[in-house]
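Report on the following structure.
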Amino acid sequence: NVSYRNWTGIWLRNDTNSTVSNNVANSNVTGIDINGSNGETVANNTTRLNTTGIYLYSASNNAVTGNICDANAQKGIFLDNGSNNNTLTNNAAGSNGWDGLRVAISHNNVFRHNAFDSNSIYGISMISGATNNQVIQNQIRRNAQYQINIEDANNPISDTFLKNNIQTSTANPDSGVYNNSVHSATRFTFTRNYWNITDSAAIKKMIYQISNGD
């Protein structure tokens with residue numbers, strides 16, 4: 001199926017246990033919108049040239065796998081407003097105008113084996129108290145500003161980044177991780193990631209913590 005030049009290419013609202021697969025949703029405001037829906041499978045779709053490729057809003061316990069979300073004006077994939085306990089695997093979100101993946105006010109999600117490459121701002125952006133998310137074994141490479149952005153100065157954050165392949169852009173070689181959370185309860189776990197270099201001093205320069213600048 002092909003959806004082209006609509007407000008929303010494909011929209012599921014207050015739905016349960018449906019499958020959206022093998023569709024092309026290009027040149028819409030939102031390519032695929034999963035709104036208030038649970039237990040959905042979103043698989044093997046292509047979303048290009050939208051404002052946002054795939055948007056989950058108050059949508060939980062969904063599986064998003066094998067989708068291509070590239071060349072969208074803002075976000076490749078966006079989880080928003082209580083989109084919790086979702087699993088995203090084997091998606092490619094690259095060359096988007098803002099972020100490959102943005103997560104806002106959403107918790108307990110798992111992101112594994114995805115590629116977030118060559119986006120114009122961030123590869124992954126966790127904002128507005130997005131917490132208890134796991135980011136494991138993803139490719140996060142050559143995004144223009146930072147590869148990973150943690151943006152919430154007022155709420156505690158407890159996200160885990162494990163075994164990811166992180167490569168900064170040539171134009172901004174220190175653009176690894178930006179963390180502006182200074183909340184005393186923040187537990188930011190960041191271990192066993194691959195940086196494409198072994199120089200520990202250079203790796204340290206790629207991780208910026210706003211509270212003390214290192």
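Chain identifiers are assigned as A, B, and so on, following the order in which chains appear in the structure tokens; residues are numbered from 1 within each chain, and ligands are numbered from 1 in order of appearance.
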
Quiz prompt | Long-range neighbours of segment 83-86 of chain A as a VMD selection string, 6 Å cut-off, only C-alpha atoms, 3 positions minimum in chain | solution = chain A and resid 57 to 62 79 to 80 106 to 109

Within 12 Å of segment 3-7 of chain A: each segment 31-120 of chain A residue with its shortest pair, only C-alpha atoms, as CSV:
residue,atom,partner,partner_atom,distance
A:Gly31,CA,A:Ser3,CA,8.1
A:Ile32,CA,A:Ser3,CA,9.7
A:Asp33,CA,A:Trp7,CA,10.3
A:Asn45,CA,A:Ser3,CA,11.2
A:Thr46,CA,A:Ser3,CA,10.4
A:Thr47,CA,A:Ser3,CA,9.6
A:Arg48,CA,A:Tyr4,CA,10.0
A:Leu49,CA,A:Arg5,CA,9.7
A:Asn50,CA,A:Arg5,CA,8.7
A:Thr51,CA,A:Trp7,CA,9.9
A:Thr52,CA,A:Trp7,CA,11.1

Quiz item: Any idea what's packed within 9 Å of Ala63 of chain A, counting only C-alpha atoms, ignoring anything in its chain fewer than 2 positions away? Could you give it as a PyMOL selection string?
Solution: chain A and resi 39-43+61+65+86-89

Quiz item: Can you tell me, as a ChimeraX atom specification, what residues are no more than 6 Å from Ile148 of chain A when counting only C-alpha atoms, ignoring any on the same chain fewer than 6 positions away?
Solution: /A:123-125,177

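In this model, the gap between atom CA of Ile197 of chain A and atom CA of Arg141 of chain A comes to 13.3 Å.
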
Among segment 73-123 of chain A, which ones does DSSP place in strand (DSSP E or B), written as a short mmCIF file (atom, residue, chain, number, x, y, z; two decimals) with N, CA and C atoms, in the first residue's frame?
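Resulting contents of part_22.cif:
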data_model
loop_
_atom_site.label_atom_id
_atom_site.label_comp_id
_atom_site.auth_asym_id
_atom_site.auth_seq_id
_atom_site.Cartn_x
_atom_site.Cartn_y
_atom_site.Cartn_z
N LYS A 75 11.72 14.33 12.70
CA LYS A 75 12.15 13.13 13.38
C LYS A 75 11.91 11.88 12.54
N GLY A 76 12.85 10.96 12.61
CA GLY A 76 12.61 9.67 11.97
C GLY A 76 11.57 8.87 12.73
N ILE A 77 11.81 8.68 14.05
CA ILE A 77 10.89 7.96 14.94
C ILE A 77 10.74 8.80 16.20
N PHE A 78 9.49 8.97 16.67
CA PHE A 78 9.22 9.82 17.82
C PHE A 78 8.26 9.09 18.76
N LEU A 79 8.70 8.84 20.01
CA LEU A 79 7.85 8.28 21.06
C LEU A 79 7.52 9.41 22.02
N ASP A 80 6.23 9.63 22.27
CA ASP A 80 5.81 10.83 22.97
C ASP A 80 4.71 10.53 23.98
N THR A 87 9.05 -1.96 22.05
CA THR A 87 10.30 -2.55 21.60
C THR A 87 10.56 -2.14 20.16
N LEU A 88 11.68 -1.50 19.91
CA LEU A 88 12.05 -1.07 18.57
C LEU A 88 13.33 -1.79 18.15
N THR A 89 13.27 -2.55 17.08
CA THR A 89 14.41 -3.33 16.63
C THR A 89 14.59 -3.23 15.12
N ALA A 92 15.92 1.64 10.62
CA ALA A 92 16.93 2.57 10.13
C ALA A 92 16.32 3.96 10.03
N ASP A 99 16.18 14.63 14.41
CA ASP A 99 16.74 13.48 15.11
C ASP A 99 16.34 12.17 14.44
N GLY A 100 17.22 11.18 14.56
CA GLY A 100 16.83 9.84 14.14
C GLY A 100 15.75 9.28 15.04
N LEU A 101 15.96 9.38 16.36
CA LEU A 101 15.00 8.92 17.37
C LEU A 101 14.86 9.99 18.43
N ARG A 102 13.60 10.35 18.73
CA ARG A 102 13.34 11.24 19.87
C ARG A 102 12.36 10.54 20.81
N VAL A 103 12.66 10.62 22.12
CA VAL A 103 11.82 10.01 23.15
C VAL A 103 11.50 11.07 24.18
N ALA A 104 10.19 11.34 24.39
CA ALA A 104 9.77 12.38 25.33
C ALA A 104 8.70 11.82 26.26
N VAL A 110 12.66 -0.40 24.87
CA VAL A 110 13.90 -1.06 24.49
C VAL A 110 14.18 -0.75 23.02
N PHE A 111 15.38 -0.26 22.76
CA PHE A 111 15.83 0.05 21.40
C PHE A 111 17.07 -0.81 21.12
N ARG A 112 16.94 -1.74 20.19
CA ARG A 112 18.02 -2.70 19.96
C ARG A 112 18.22 -2.93 18.46
N ALA A 115 19.69 1.56 13.49
CA ALA A 115 20.71 2.45 12.96
C ALA A 115 20.18 3.88 12.93
N PHE A 116 20.88 4.79 13.61
CA PHE A 116 20.52 6.21 13.66
C PHE A 116 21.73 7.00 13.14
N ASP A 117 21.78 7.18 11.83
CA ASP A 117 22.97 7.71 11.19
C ASP A 117 22.68 8.99 10.39
N TYR A 122 20.54 15.29 16.19
CA TYR A 122 20.97 14.21 17.06
C TYR A 122 20.63 12.84 16.46
N GLY A 123 21.44 11.85 16.81
CA GLY A 123 21.07 10.48 16.49
C GLY A 123 19.92 10.03 17.37
#

Exercise. Measuring atom to atom with only C-alpha atoms, identify which of A:Ala171, A:Ala202, A:Ile210, A:Lys163 is nearest to Phe190 of chain A.
Key: A:Lys163

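Remark: for Asn114 of chain A, the closest of the candidate residues A:Gly97, A:Gly66, A:Gly129, A:Gly82 is A:Gly66 (distances computed over only C-alpha atoms).
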
Exercise. Could you check which of A:Ile207, A:Ile121, A:Val64, A:Ile136 is closest to Asn164 of chain A, using only C-alpha atoms?
Key: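 Comparing A:Ile207, A:Ile121, A:Val64, A:Ile136 against Asn164 of chain A, the winner is A:Ile136.
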
Quiz item: Running DSSP on the backbone, which parts of segment 5-213 of chain A land in alpha helix (DSSP H), as a ChimeraX atom specification?
Solution: /A:200-205

Put those residues in a file: C-alpha atoms, as a CSV table (one decimal), in the first residue's frame.
chain,number,residue,atom,x,y,z
A,200,SER,CA,40.6,7.2,26.6
A,201,ALA,CA,41.4,11.0,26.7
A,202,ALA,CA,39.7,11.5,23.3
A,203,ILE,CA,36.7,9.5,24.3
A,204,LYS,CA,36.3,11.5,27.5
A,205,LYS,CA,36.2,14.7,25.3

Quiz item: Just how far from atom CA of Asn22 of chain A is atom CA of Val135 of chain A, in Å to one decimal?
Solution: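 Value for the atom CA of Val135 of chain A-atom CA of Asn22 of chain A distance: 25.3 Å.
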
Quiz item: How many Å separate atom CA of Ile34 of chain A from atom CA of Gly9 of chain A?
Solution: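 Computing it gives 11.0 Å between the two atoms.
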